[in-house]
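> Below is the structure I would like to discuss, written out as structure tokens.
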Amino acid sequence: MRPTTRNTVDRLDKPSSYAASKNKKRRFNRDRDHDDEDPYRREKTPDFEDKLKEATTLYVGNLSFYTTEEQIHELFAKCGEIKRLVMGLDRFQKTPCGFCFVEYYTHQDALDCMKYIGGTKLDERIIRTDLDEGFAEGRQYGRGKSGGQVRDEYRDEYDPGRGGYGRALAEDLDHD
Amino acid sequence: MMDGIVYYDPTAAHITNLFKSKLSIQDYDHVKRIHSVDAEPRVPKAPRNFKTPILRRATFGASRLDDPLASSSRRAGDYYRPSYATAENNSDIMADDDRRGGGRGYNNNNRKRRFREEDDSDRRPQRRRYEEPISAKLRRQLLTIAESPMKQPQDEAQEIAKLFAEYYEEGDDKATFLDLMVQILTEQPFKIPFAAAVVLYTNETKPEAAAEIFTRVASKLQSSLDSGNWRDVKLILRFFGCLQVLFEGDGVFPLLDELFDRAVDLQVASQEDTIGLELVKIILFTMPYIIASPAVGFGPRAVELLAKTEAVASNEHALAPLVEIYPGDSDDRPFGYQSIIGMLQKQLQSESEKGWELACIPRLFAPKPKEEETSDEAALTSAKHAFPSITVSSPINPGPKPLFPDAYFSLYADQDTVPKTTDIASSLLRDVLVDTINILDFNRNATAKFLIDMDCYWAPDTFVKRATPFDKLKDIAGDKSTWKPEDMAVDAVFSQIFTLPTPEHKLVYYHSVITESCKIAPAAIAPSLGRAIRFLFRHLDLMDMELGYRFMDWFAHHLSNFEFRWKWTEWLEDIDRSDLHPKKAFIIGALDKEIRLSFAKRIRETLPQPYHHLIPEGKEKDTPDFKYSSDQTPYAPEGRELLTLIRKKAPEEQIQEVIDRIHDQAAEHGISDVLIPSTDAYVTAICFIGSKSLSHVLSCIERCKERLLDIGKASDAARRQVIASVVDYWKDQPGIAVNIVDKLLNYSIVSPMNVVQWALGDHLGAGEALTQSWVYEMVAGTVGKVTNRMRQIADARLERGLSAEQIELIDQHLLKERESMRELFRFIDDAVTGIASGAADGFIERDGEKGFGEEEGKLIKAWGGRWARVFRRKAAVEESIVGEAAMEAKVAALGVQMDVEPEAGPDANGAGTVLDEDIIT
């Protein structure tokens, strides 16, 4: 086993618990058939970690729907030259729906971005970054039945940057 | 609050919220301690994104924190549930983040992991009671030493020493604690004197445990020395310096002597040597800690060494004039060049004359009360150790990073809020601050917390109380300190932003440290920052231009994190200045950068009325007009036709037919290079089609790539026209133009030389271009691309195990690229010195015209000088890394290294022995 020493303070360039939990769930489903195995063995998820070990792509979340590619570019280029920027679009309206993928040329730039840009503001919103295994053509990212991100369907507070109230909620309001 | 000092609205909700969250941090600490002391059953704090704490509690014991069942019971929507949705909440959340990673070493994540460890060894689901294992307690206590103002660090050190002795008896897994000891030295340098105190106390009861720590730390020192990791060498020597009293004979001094001898060798061998300087710096930074340690009688030894280092330390390095922050010899300069090492040498000398007061270094060790006078003396001598044996290889490994002379930078040096540059505290405090900032780049929240809590780690009364307003300092009576900890912190971060040629990390890291510090302690940091901004703005015209650009870039980025709030009214007089004035150019450039991060309408809202004309209507247009829509423009019908054809992806022949029509008309008008008007129409059409977004324009360029490449092959002037057309289309939003040109370079549609020739040739005019920050951005970006590539080739040459053929191939490449790099630098230098001397054609033509009087001429010439300085430095830096002489030396060193360790494989890469703790993932 490779010796890993944790630092005396946490690192900000680790995949988030969301990315990790998403992966665990997948593995769990895969492993469910052999239930007799020691359940704690699931702890190691080498394929997931390996995928992110060289990751050059970041998922960027909590963007305003109105934030443009140029704005994202302006901020994220501070961590290195950007190879590709893919805006997440609403499946039906083809308008930005609050997330994107930023791909750098090097893994180090992606890590630096996690450390220096994740959790800071863009367009006056605190944005979230997460290492991502990379954008493949045709990839479908967690969008809900409304066409936008799921989190925008059930949000019960008003967020003018992301289409007001959650869409599912807004529909209910309409029916009343 | 203090009018004219606070620049953020002090009534802002986020500040009050921050104070609230500050309170809650303390509450949390309190609770935490009670838990560990009483060994109550602990209930894990649910991570923030779990919405079902009740369920978590119920399953604890039987299930684990990372139990997939538990996570699958969440609603799908929870994954993306915004943890911070509204602006009001932001500050709270950030404070919360800090709590998680704030250098406490005892937080959610760690706790989670600890649970795991413990479960691995002992899986009894019914177990309810929990006693913190001694190893965990030791780790926590060592990591948090000196952090709490409620405890005496001496007591903490003693307590940890006692615990360690106990743990040492038990005998299991000592390595973990020893490793942690090493790690705290190299990751949290503020705590070195405190960690040393723990060892001093340990030695009183368990000298053999102390000896084991020495062995472990010494092996790290050896590996750092072997790999040229100078910062770690310095920090570990500091630790040993604090422990001088425990060593036999002269302790650390013989090693310092040896390092000095090596430094002299290096200095004699080359005038451009920086490694020798670094070694001397390490020696000088170790000395004060030895003297301030409990060891007595080493003053004369230090004075002796100081006499030897003087020649090296006071020597001015050849590159020193290039890294000056405020160059020139004007009396208005806020300060001149002072090397860190030269300054420290002088300070140490004056300190030695004053009897080595070294007031700021904390003294933490009090030997055992002398109850049994006789045996105590015996115990002290018996507890001495031989200094670990360390070999200093020759030649010494220069380390992975090229070093440059360090210039001392201080914003507040002329005020009384930081130590004077003659005071040794200025060097000692700055050194630890800078190391902390640069080491902890992986957690900016932790860095910010260290900056805010800095006063915990120095002798009491070194500073005034945190957040003491500037105008209250004059009320401080007598000899008491007037040093503001937050000024020192801000000063240290800016010293990194303004490091030439480049700081250790990307500039944006230092931006983020300032942002976090502001969030944690706005009332303390914001006023200091306001004073910093005013200082920098006041001396803008004297500052190195590259640094002026960094200031502008930081300023705009910083404001974008704080609702774009700035007291613009105080610069009202400066907006009446000519656009050529550096201050006005700064304002224009900063506003443009702000708009790029936001949008024009928003930025206009944040400005007082008199500024509004600086944001013209054009900036608000998402899609600039297509100039061929107007029949006033020559070739308008053809331009429009091209647009339609490109848009509907018509075959190339149809496009060529329209282009030919432009060529025919142009020829009739007597235009010599007919490709110029046709290229203008073609590229403008591409820009218009791609105006929707960067990816739109990129996909359009991709589609038209072949033709664009052909244009370039046919005419150099037409290639420059490509750039001209892009810039002209995006004239109101030059940032987008800079971006597109950058991509055109990647496609090789234009060459670096084309960009520079356009910017400093076609576009230069009488030199006004030099005042535009985006022109600098474009040129510096292009040069950066070339030099990066150059360095990559150089690195490839230094790989081990290359075949003779490979070497030959790389060498040819190196030669060719180096020549074109130099050509690029030469062109820039010629162009800008032409302006600086007033000899450039464009300048002479306009000189003396209306609106271009003596004053304007002077301003423009100064810009020429500033540009020349920046690019001469860049050229010199590259020469010192990839020039023939530098490469020869590196190749030779590589040969020597390979002789020394012939068995090293090709992947050993000259990094020396790497210990386990160096591997961090």
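A note on labels: chains of the structure tokens are A, B, ... as shown, every chain counts residues from 1, and ligands are counted from 1 in their shown order.
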Skipping near chain neighbours, those fewer than 3 positions away, what residues fall within 6 Å of Thr56 of chain A using only C-alpha atoms, listed as a PyMOL selection string?
chain A and resi 103-104+106-107+110
> Do a neighbour search on segment 77-93 of chain A at 9 Å with only C-alpha atoms, toss out local chain neighbours closer than 3 positions, and write the hits as JSON, numbers by chain.
{"A": [57, 68, 69, 72, 73, 74, 96, 97, 98, 99, 100, 101, 102, 103, 104, 105, 106, 109, 110, 112, 113, 116, 117, 135, 141, 143, 146, 147, 148, 149], "B": [506, 507, 508, 509, 694, 695]}
> Residues of chain A that have any atom at most 6 Å from an atom of chain B: could you tabulate them with the shortest-distance atom pair and the distance in Å to one decimal, using only C-alpha atoms, ordered by chain and increasing number, as JSON lines?

```
{"residue": "A:Thr4", "atom": "CA", "partner": "B:Ile920", "partner_atom": "CA", "distance": 5.9}
{"residue": "A:Thr5", "atom": "CA", "partner": "B:Glu917", "partner_atom": "CA", "distance": 5.9}
{"residue": "A:Val9", "atom": "CA", "partner": "B:Gly103", "partner_atom": "CA", "distance": 5.0}
{"residue": "A:Asp10", "atom": "CA", "partner": "B:Gly101", "partner_atom": "CA", "distance": 5.5}
{"residue": "A:Arg11", "atom": "CA", "partner": "B:Phe442", "partner_atom": "CA", "distance": 5.2}
{"residue": "A:Leu12", "atom": "CA", "partner": "B:Asn443", "partner_atom": "CA", "distance": 5.5}
{"residue": "A:Lys25", "atom": "CA", "partner": "B:Pro68", "partner_atom": "CA", "distance": 5.9}
{"residue": "A:Gln71", "atom": "CA", "partner": "B:Leu597", "partner_atom": "CA", "distance": 5.0}
{"residue": "A:Lys115", "atom": "CA", "partner": "B:Phe442", "partner_atom": "CA", "distance": 5.8}
{"residue": "A:Tyr116", "atom": "CA", "partner": "B:Tyr509", "partner_atom": "CA", "distance": 5.1}
{"residue": "A:Lys121", "atom": "CA", "partner": "B:Asn561", "partner_atom": "CA", "distance": 5.3}
{"residue": "A:Asp123", "atom": "CA", "partner": "B:Ser598", "partner_atom": "CA", "distance": 5.5}
{"residue": "A:Val150", "atom": "CA", "partner": "B:Gly77", "partner_atom": "CA", "distance": 5.7}
{"residue": "A:Arg151", "atom": "CA", "partner": "B:Tyr80", "partner_atom": "CA", "distance": 5.0}
```
> Could the residues in this selection be saved with N, CA and C atoms as a PDB file, in the first residue's frame?

```
ATOM      1  N   THR A   4       0.407   7.114   2.764  1.00  0.00           N
ATOM      2  CA  THR A   4      -0.119   8.465   2.629  1.00  0.00           C
ATOM      3  C   THR A   4      -0.168   9.074   4.017  1.00  0.00           C
ATOM      4  N   THR A   5       0.359  10.250   4.107  1.00  0.00           N
ATOM      5  CA  THR A   5       0.335  10.930   5.387  1.00  0.00           C
ATOM      6  C   THR A   5      -0.608  12.102   5.266  1.00  0.00           C
ATOM      7  N   VAL A   9      -3.207  20.137   8.483  1.00  0.00           N
ATOM      8  CA  VAL A   9      -4.524  20.743   8.276  1.00  0.00           C
ATOM      9  C   VAL A   9      -5.101  20.111   7.019  1.00  0.00           C
ATOM     10  N   ASP A  10      -6.422  20.133   6.897  1.00  0.00           N
ATOM     11  CA  ASP A  10      -7.054  19.472   5.759  1.00  0.00           C
ATOM     12  C   ASP A  10      -6.661  20.127   4.445  1.00  0.00           C
ATOM     13  N   ARG A  11      -6.749  19.348   3.391  1.00  0.00           N
ATOM     14  CA  ARG A  11      -6.456  19.894   2.075  1.00  0.00           C
ATOM     15  C   ARG A  11      -7.761  20.276   1.381  1.00  0.00           C
ATOM     16  N   LEU A  12      -7.717  21.336   0.620  1.00  0.00           N
ATOM     17  CA  LEU A  12      -8.925  21.758  -0.092  1.00  0.00           C
ATOM     18  C   LEU A  12      -8.990  21.176  -1.504  1.00  0.00           C
ATOM     19  N   LYS A  25     -22.048   4.867  -3.749  1.00  0.00           N
ATOM     20  CA  LYS A  25     -23.359   4.320  -4.009  1.00  0.00           C
ATOM     21  C   LYS A  25     -23.303   3.373  -5.198  1.00  0.00           C
ATOM     22  N   GLN A  71     -17.146  35.346 -18.282  1.00  0.00           N
ATOM     23  CA  GLN A  71     -16.900  35.606 -16.866  1.00  0.00           C
ATOM     24  C   GLN A  71     -16.185  34.418 -16.223  1.00  0.00           C
ATOM     25  N   LYS A 115      -8.198  24.715  -4.790  1.00  0.00           N
ATOM     26  CA  LYS A 115      -7.667  25.359  -3.592  1.00  0.00           C
ATOM     27  C   LYS A 115      -7.923  26.853  -3.558  1.00  0.00           C
ATOM     28  N   TYR A 116      -7.814  27.492  -4.726  1.00  0.00           N
ATOM     29  CA  TYR A 116      -7.806  28.953  -4.724  1.00  0.00           C
ATOM     30  C   TYR A 116      -9.114  29.582  -5.209  1.00  0.00           C
ATOM     31  N   LYS A 121     -16.113  33.932  -4.804  1.00  0.00           N
ATOM     32  CA  LYS A 121     -17.290  34.419  -5.514  1.00  0.00           C
ATOM     33  C   LYS A 121     -17.043  34.637  -6.999  1.00  0.00           C
ATOM     34  N   ASP A 123     -19.510  36.457 -10.016  1.00  0.00           N
ATOM     35  CA  ASP A 123     -20.804  37.097 -10.227  1.00  0.00           C
ATOM     36  C   ASP A 123     -21.561  37.215  -8.906  1.00  0.00           C
ATOM     37  N   VAL A 150     -31.468  19.321 -10.624  1.00  0.00           N
ATOM     38  CA  VAL A 150     -32.461  18.849  -9.671  1.00  0.00           C
ATOM     39  C   VAL A 150     -32.600  19.805  -8.481  1.00  0.00           C
ATOM     40  N   ARG A 151     -31.448  20.345  -8.093  1.00  0.00           N
ATOM     41  CA  ARG A 151     -31.505  21.219  -6.913  1.00  0.00           C
ATOM     42  C   ARG A 151     -32.397  22.433  -7.141  1.00  0.00           C
TER      43      ARG A 151
END
```
> Skip Ala862 of chain B itself and residues of its chain fewer than 2 positions away, then list as a PyMOL selection string all residues within 12 Å of it, counting only C-alpha atoms.
chain B and resi 328+541-545+580-582+767-768+770-771+832-838+855-860+864-869
> Would you output that residue set with N, CA and C atoms, as an mmCIF file, in the first residue's frame?

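What landed in selection_24.cif:
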```
data_model
loop_
_atom_site.group_PDB
_atom_site.id
_atom_site.type_symbol
_atom_site.label_atom_id
_atom_site.label_comp_id
_atom_site.auth_asym_id
_atom_site.auth_seq_id
_atom_site.Cartn_x
_atom_site.Cartn_y
_atom_site.Cartn_z
ATOM 1 N N GLY B 328 14.515 52.915 -10.051
ATOM 2 C CA GLY B 328 14.877 54.300 -10.324
ATOM 3 C C GLY B 328 15.558 54.935 -9.136
ATOM 4 N N ASP B 541 2.963 55.416 -9.973
ATOM 5 C CA ASP B 541 3.809 55.814 -11.099
ATOM 6 C C ASP B 541 5.267 55.435 -10.875
ATOM 7 N N LEU B 542 5.610 55.091 -9.627
ATOM 8 C CA LEU B 542 7.002 54.724 -9.354
ATOM 9 C C LEU B 542 7.195 53.218 -9.303
ATOM 10 N N MET B 543 6.087 52.510 -9.274
ATOM 11 C CA MET B 543 6.167 51.067 -9.097
ATOM 12 C C MET B 543 6.542 50.369 -10.401
ATOM 13 N N ASP B 544 7.199 49.251 -10.272
ATOM 14 C CA ASP B 544 7.477 48.417 -11.436
ATOM 15 C C ASP B 544 6.153 48.127 -12.146
ATOM 16 N N MET B 545 6.155 48.217 -13.470
ATOM 17 C CA MET B 545 4.875 48.134 -14.181
ATOM 18 C C MET B 545 4.197 46.771 -14.046
ATOM 19 N N LEU B 580 -3.197 59.036 -20.078
ATOM 20 C CA LEU B 580 -1.817 58.549 -20.137
ATOM 21 C C LEU B 580 -1.191 58.440 -18.745
ATOM 22 N N HIS B 581 -1.822 59.055 -17.758
ATOM 23 C CA HIS B 581 -1.243 59.024 -16.421
ATOM 24 C C HIS B 581 -1.432 57.641 -15.792
ATOM 25 N N PRO B 582 -0.396 57.102 -15.132
ATOM 26 C CA PRO B 582 -0.498 55.758 -14.563
ATOM 27 C C PRO B 582 -1.699 55.574 -13.631
ATOM 28 N N GLY B 767 2.615 55.782 -28.885
ATOM 29 C CA GLY B 767 2.999 55.123 -27.636
ATOM 30 C C GLY B 767 1.835 55.003 -26.674
ATOM 31 N N GLU B 768 0.652 55.507 -27.070
ATOM 32 C CA GLU B 768 -0.506 55.416 -26.170
ATOM 33 C C GLU B 768 -0.831 53.973 -25.834
ATOM 34 N N LEU B 770 0.947 51.735 -24.943
ATOM 35 C CA LEU B 770 1.668 51.233 -23.774
ATOM 36 C C LEU B 770 0.923 51.516 -22.469
ATOM 37 N N THR B 771 -0.036 52.435 -22.526
ATOM 38 C CA THR B 771 -0.762 52.756 -21.305
ATOM 39 C C THR B 771 -1.960 51.825 -21.102
ATOM 40 N N VAL B 832 9.873 49.515 -27.450
ATOM 41 C CA VAL B 832 9.543 50.341 -26.286
ATOM 42 C C VAL B 832 10.659 51.306 -25.921
ATOM 43 N N THR B 833 11.906 50.945 -26.210
ATOM 44 C CA THR B 833 12.958 51.934 -25.925
ATOM 45 C C THR B 833 12.867 53.085 -26.909
ATOM 46 N N GLY B 834 12.342 52.793 -28.112
ATOM 47 C CA GLY B 834 12.107 53.870 -29.072
ATOM 48 C C GLY B 834 11.160 54.912 -28.485
ATOM 49 N N ILE B 835 10.152 54.432 -27.791
ATOM 50 C CA ILE B 835 9.208 55.354 -27.152
ATOM 51 C C ILE B 835 9.873 56.022 -25.950
ATOM 52 N N ALA B 836 10.612 55.239 -25.181
ATOM 53 C CA ALA B 836 11.225 55.772 -23.962
ATOM 54 C C ALA B 836 12.169 56.932 -24.287
ATOM 55 N N SER B 837 12.856 56.811 -25.409
ATOM 56 C CA SER B 837 13.813 57.871 -25.750
ATOM 57 C C SER B 837 13.176 58.948 -26.613
ATOM 58 N N GLY B 838 11.948 58.682 -27.048
ATOM 59 C CA GLY B 838 11.265 59.652 -27.897
ATOM 60 C C GLY B 838 11.734 59.608 -29.340
ATOM 61 N N GLU B 855 3.950 67.573 -21.307
ATOM 62 C CA GLU B 855 3.493 66.710 -20.217
ATOM 63 C C GLU B 855 3.171 65.305 -20.742
ATOM 64 N N GLU B 856 2.388 65.270 -21.832
ATOM 65 C CA GLU B 856 2.004 63.984 -22.415
ATOM 66 C C GLU B 856 3.231 63.224 -22.888
ATOM 67 N N GLY B 857 4.133 63.965 -23.530
ATOM 68 C CA GLY B 857 5.357 63.335 -24.024
ATOM 69 C C GLY B 857 6.122 62.679 -22.890
ATOM 70 N N LYS B 858 6.194 63.391 -21.780
ATOM 71 C CA LYS B 858 6.937 62.876 -20.630
ATOM 72 C C LYS B 858 6.290 61.591 -20.101
ATOM 73 N N LEU B 859 4.962 61.650 -19.998
ATOM 74 C CA LEU B 859 4.237 60.471 -19.472
ATOM 75 C C LEU B 859 4.478 59.254 -20.359
ATOM 76 N N ILE B 860 4.388 59.479 -21.661
ATOM 77 C CA ILE B 860 4.534 58.341 -22.579
ATOM 78 C C ILE B 860 5.949 57.789 -22.554
ATOM 79 N N GLY B 864 7.324 53.950 -21.756
ATOM 80 C CA GLY B 864 8.303 53.210 -22.555
ATOM 81 C C GLY B 864 9.386 52.626 -21.656
ATOM 82 N N GLY B 865 9.868 53.447 -20.734
ATOM 83 C CA GLY B 865 10.899 52.988 -19.806
ATOM 84 C C GLY B 865 10.407 51.847 -18.943
ATOM 85 N N ARG B 866 9.170 51.977 -18.474
ATOM 86 C CA ARG B 866 8.623 50.923 -17.607
ATOM 87 C C ARG B 866 8.497 49.591 -18.351
ATOM 88 N N TRP B 867 7.993 49.690 -19.586
ATOM 89 C CA TRP B 867 7.876 48.463 -20.391
ATOM 90 C C TRP B 867 9.247 47.826 -20.593
ATOM 91 N N ALA B 868 10.208 48.656 -20.941
ATOM 92 C CA ALA B 868 11.544 48.131 -21.229
ATOM 93 C C ALA B 868 12.068 47.359 -20.023
ATOM 94 N N ARG B 869 11.882 47.932 -18.847
ATOM 95 C CA ARG B 869 12.362 47.297 -17.624
ATOM 96 C C ARG B 869 11.747 45.920 -17.428
#
```
> Using only C-alpha atoms, which residues sit within 9 Å of Val738 of chain B once same-chain residues fewer than 6 positions away are excluded, as a list in words?
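Counting only C-alpha atoms, the residues come to Val726, Val727, Trp774, Val775, Glu777, Met778 and Gly781 of chain B.
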> For the residues in the current selection, export all heavy atoms as a PDB file, in the first residue's frame.

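Written output follows (selection26.pdb):
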```pdb
ATOM      1  N   VAL B 726      -9.930  41.347 -34.958  1.00  0.00           N
ATOM      2  CA  VAL B 726     -10.500  40.850 -33.707  1.00  0.00           C
ATOM      3  C   VAL B 726     -10.567  41.975 -32.686  1.00  0.00           C
ATOM      4  O   VAL B 726     -11.593  42.209 -32.042  1.00  0.00           O
ATOM      5  CB  VAL B 726      -9.669  39.663 -33.159  1.00  0.00           C
ATOM      6  CG1 VAL B 726     -10.123  39.300 -31.755  1.00  0.00           C
ATOM      7  CG2 VAL B 726      -9.758  38.460 -34.088  1.00  0.00           C
ATOM      8  N   VAL B 727      -9.448  42.685 -32.546  1.00  0.00           N
ATOM      9  CA  VAL B 727      -9.396  43.748 -31.541  1.00  0.00           C
ATOM     10  C   VAL B 727     -10.377  44.855 -31.901  1.00  0.00           C
ATOM     11  O   VAL B 727     -11.047  45.422 -31.037  1.00  0.00           O
ATOM     12  CB  VAL B 727      -7.963  44.305 -31.408  1.00  0.00           C
ATOM     13  CG1 VAL B 727      -7.941  45.513 -30.479  1.00  0.00           C
ATOM     14  CG2 VAL B 727      -7.023  43.227 -30.886  1.00  0.00           C
ATOM     15  N   TRP B 774      -4.697  46.156 -21.282  1.00  0.00           N
ATOM     16  CA  TRP B 774      -4.952  44.940 -22.057  1.00  0.00           C
ATOM     17  C   TRP B 774      -3.867  44.687 -23.089  1.00  0.00           C
ATOM     18  O   TRP B 774      -3.639  43.543 -23.471  1.00  0.00           O
ATOM     19  CB  TRP B 774      -6.335  44.971 -22.701  1.00  0.00           C
ATOM     20  CG  TRP B 774      -6.543  46.082 -23.691  1.00  0.00           C
ATOM     21  CD1 TRP B 774      -7.033  47.318 -23.436  1.00  0.00           C
ATOM     22  CD2 TRP B 774      -6.241  46.045 -25.097  1.00  0.00           C
ATOM     23  NE1 TRP B 774      -7.050  48.076 -24.583  1.00  0.00           N
ATOM     24  CE2 TRP B 774      -6.579  47.309 -25.618  1.00  0.00           C
ATOM     25  CE3 TRP B 774      -5.731  45.077 -25.955  1.00  0.00           C
ATOM     26  CZ2 TRP B 774      -6.423  47.637 -26.965  1.00  0.00           C
ATOM     27  CZ3 TRP B 774      -5.568  45.396 -27.302  1.00  0.00           C
ATOM     28  CH2 TRP B 774      -5.905  46.661 -27.787  1.00  0.00           C
ATOM     29  N   VAL B 775      -3.185  45.736 -23.528  1.00  0.00           N
ATOM     30  CA  VAL B 775      -2.068  45.528 -24.468  1.00  0.00           C
ATOM     31  C   VAL B 775      -0.944  44.812 -23.723  1.00  0.00           C
ATOM     32  O   VAL B 775      -0.348  43.855 -24.225  1.00  0.00           O
ATOM     33  CB  VAL B 775      -1.579  46.862 -25.065  1.00  0.00           C
ATOM     34  CG1 VAL B 775      -0.328  46.642 -25.909  1.00  0.00           C
ATOM     35  CG2 VAL B 775      -2.671  47.486 -25.903  1.00  0.00           C
ATOM     36  N   GLU B 777      -1.349  42.935 -21.172  1.00  0.00           N
ATOM     37  CA  GLU B 777      -1.848  41.579 -20.928  1.00  0.00           C
ATOM     38  C   GLU B 777      -1.612  40.693 -22.153  1.00  0.00           C
ATOM     39  O   GLU B 777      -1.167  39.545 -22.034  1.00  0.00           O
ATOM     40  CB  GLU B 777      -3.346  41.671 -20.613  1.00  0.00           C
ATOM     41  CG  GLU B 777      -3.979  40.371 -20.182  1.00  0.00           C
ATOM     42  CD  GLU B 777      -5.480  40.538 -19.940  1.00  0.00           C
ATOM     43  OE1 GLU B 777      -5.981  41.680 -19.966  1.00  0.00           O
ATOM     44  OE2 GLU B 777      -6.132  39.512 -19.721  1.00  0.00           O
ATOM     45  N   MET B 778      -1.894  41.250 -23.321  1.00  0.00           N
ATOM     46  CA  MET B 778      -1.745  40.480 -24.560  1.00  0.00           C
ATOM     47  C   MET B 778      -0.279  40.149 -24.818  1.00  0.00           C
ATOM     48  O   MET B 778       0.080  39.005 -25.102  1.00  0.00           O
ATOM     49  CB  MET B 778      -2.327  41.290 -25.725  1.00  0.00           C
ATOM     50  CG  MET B 778      -2.400  40.536 -27.035  1.00  0.00           C
ATOM     51  SD  MET B 778      -2.916  41.646 -28.372  1.00  0.00           S
ATOM     52  CE  MET B 778      -4.663  41.430 -28.360  1.00  0.00           C
ATOM     53  N   GLY B 781       1.133  37.837 -22.060  1.00  0.00           N
ATOM     54  CA  GLY B 781       0.581  36.491 -22.240  1.00  0.00           C
ATOM     55  C   GLY B 781       1.279  35.750 -23.369  1.00  0.00           C
ATOM     56  O   GLY B 781       1.614  34.578 -23.250  1.00  0.00           O
TER      57      GLY B 781
END
```
> As an exercise, work out the distance from atom CA of Ala311 of chain B to atom CA of Phe260 of chain B in Å and give it to one decimal place.
11.6 Å
> If we count only C-alpha atoms, what is near segment 289-298 of chain B at a cut-off of 6 Å, once residues fewer than 4 positions away on the same chain are taken out, given as a list in words?
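That gives Gly241, Cys242, Gln244 and Val245 of chain B.
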> Produce a file of the selected residues containing C-alpha atoms, as an mmCIF file, in the first residue's frame.

```
data_model
loop_
_atom_site.group_PDB
_atom_site.id
_atom_site.type_symbol
_atom_site.label_atom_id
_atom_site.label_comp_id
_atom_site.auth_asym_id
_atom_site.auth_seq_id
_atom_site.Cartn_x
_atom_site.Cartn_y
_atom_site.Cartn_z
ATOM 1 C CA GLY B 241 18.511 25.907 17.281
ATOM 2 C CA CYS B 242 15.759 26.197 19.883
ATOM 3 C CA GLN B 244 20.766 24.044 21.436
ATOM 4 C CA VAL B 245 20.950 23.542 25.204
#
```
> Calculated over only C-alpha atoms, which of the candidates A:Ala168, A:Leu63, A:Leu111, A:Leu75 has the smallest distance to Arg128 of chain A?
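That would be A:Leu63, the residue with the smallest distance to Arg128 of chain A.
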> Tell me, as an NGL selection string, which residues lie within 8 Å of segment 268-280 of chain B, counting only C-alpha atoms; anything in the same chain fewer than 6 positions away does not count.
:B and (230 or 259-260 or 262 or 309 or 312-313 or 317-319 or 341 or 398 or 403-405)
> Extract, using only C-alpha atoms, all DNA, RNA and protein residues at most 12 Å from Met753 of chain B, discarding same-chain residues fewer than 5 positions from it, and format them as a PDB file with C-alpha atoms, in the first residue's frame.

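The new file selection29.pdb reads:
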```pdb
ATOM      1  CA  ASP B 716       2.451  38.451 -42.788  1.00  0.00           C
ATOM      2  CA  ALA B 717       0.578  41.727 -42.923  1.00  0.00           C
ATOM      3  CA  ARG B 719      -1.864  37.755 -40.314  1.00  0.00           C
ATOM      4  CA  ARG B 720      -1.522  40.893 -38.297  1.00  0.00           C
ATOM      5  CA  ILE B 723      -5.435  40.365 -34.854  1.00  0.00           C
ATOM      6  CA  LEU B 745      -1.911  31.506 -31.159  1.00  0.00           C
ATOM      7  CA  SER B 748      -0.930  28.790 -35.034  1.00  0.00           C
ATOM      8  CA  TRP B 758       0.853  44.203 -34.103  1.00  0.00           C
ATOM      9  CA  ALA B 759       0.642  45.418 -30.495  1.00  0.00           C
ATOM     10  CA  LEU B 760       3.924  47.317 -30.430  1.00  0.00           C
ATOM     11  CA  GLY B 761       4.026  48.169 -34.117  1.00  0.00           C
ATOM     12  CA  MET B 778      -1.745  40.480 -24.560  1.00  0.00           C
ATOM     13  CA  VAL B 779       2.003  40.934 -24.951  1.00  0.00           C
ATOM     14  CA  THR B 782       2.186  35.860 -25.598  1.00  0.00           C
ATOM     15  CA  VAL B 783       5.687  36.098 -24.178  1.00  0.00           C
ATOM     16  CA  LYS B 785       3.514  31.176 -23.893  1.00  0.00           C
ATOM     17  CA  VAL B 786       6.871  31.301 -25.627  1.00  0.00           C
ATOM     18  CA  SER B 820      13.189  33.016 -31.709  1.00  0.00           C
ATOM     19  CA  MET B 821      12.583  33.819 -28.063  1.00  0.00           C
ATOM     20  CA  ARG B 822      15.471  36.233 -28.077  1.00  0.00           C
ATOM     21  CA  GLU B 823      14.212  37.748 -31.301  1.00  0.00           C
ATOM     22  CA  LEU B 824      10.860  38.355 -29.650  1.00  0.00           C
ATOM     23  CA  PHE B 825      12.479  40.056 -26.673  1.00  0.00           C
ATOM     24  CA  ARG B 826      14.650  42.140 -28.997  1.00  0.00           C
ATOM     25  CA  PHE B 827      11.656  43.353 -30.935  1.00  0.00           C
ATOM     26  CA  ILE B 828       9.857  44.371 -27.771  1.00  0.00           C
TER      27      ILE B 828
END
```
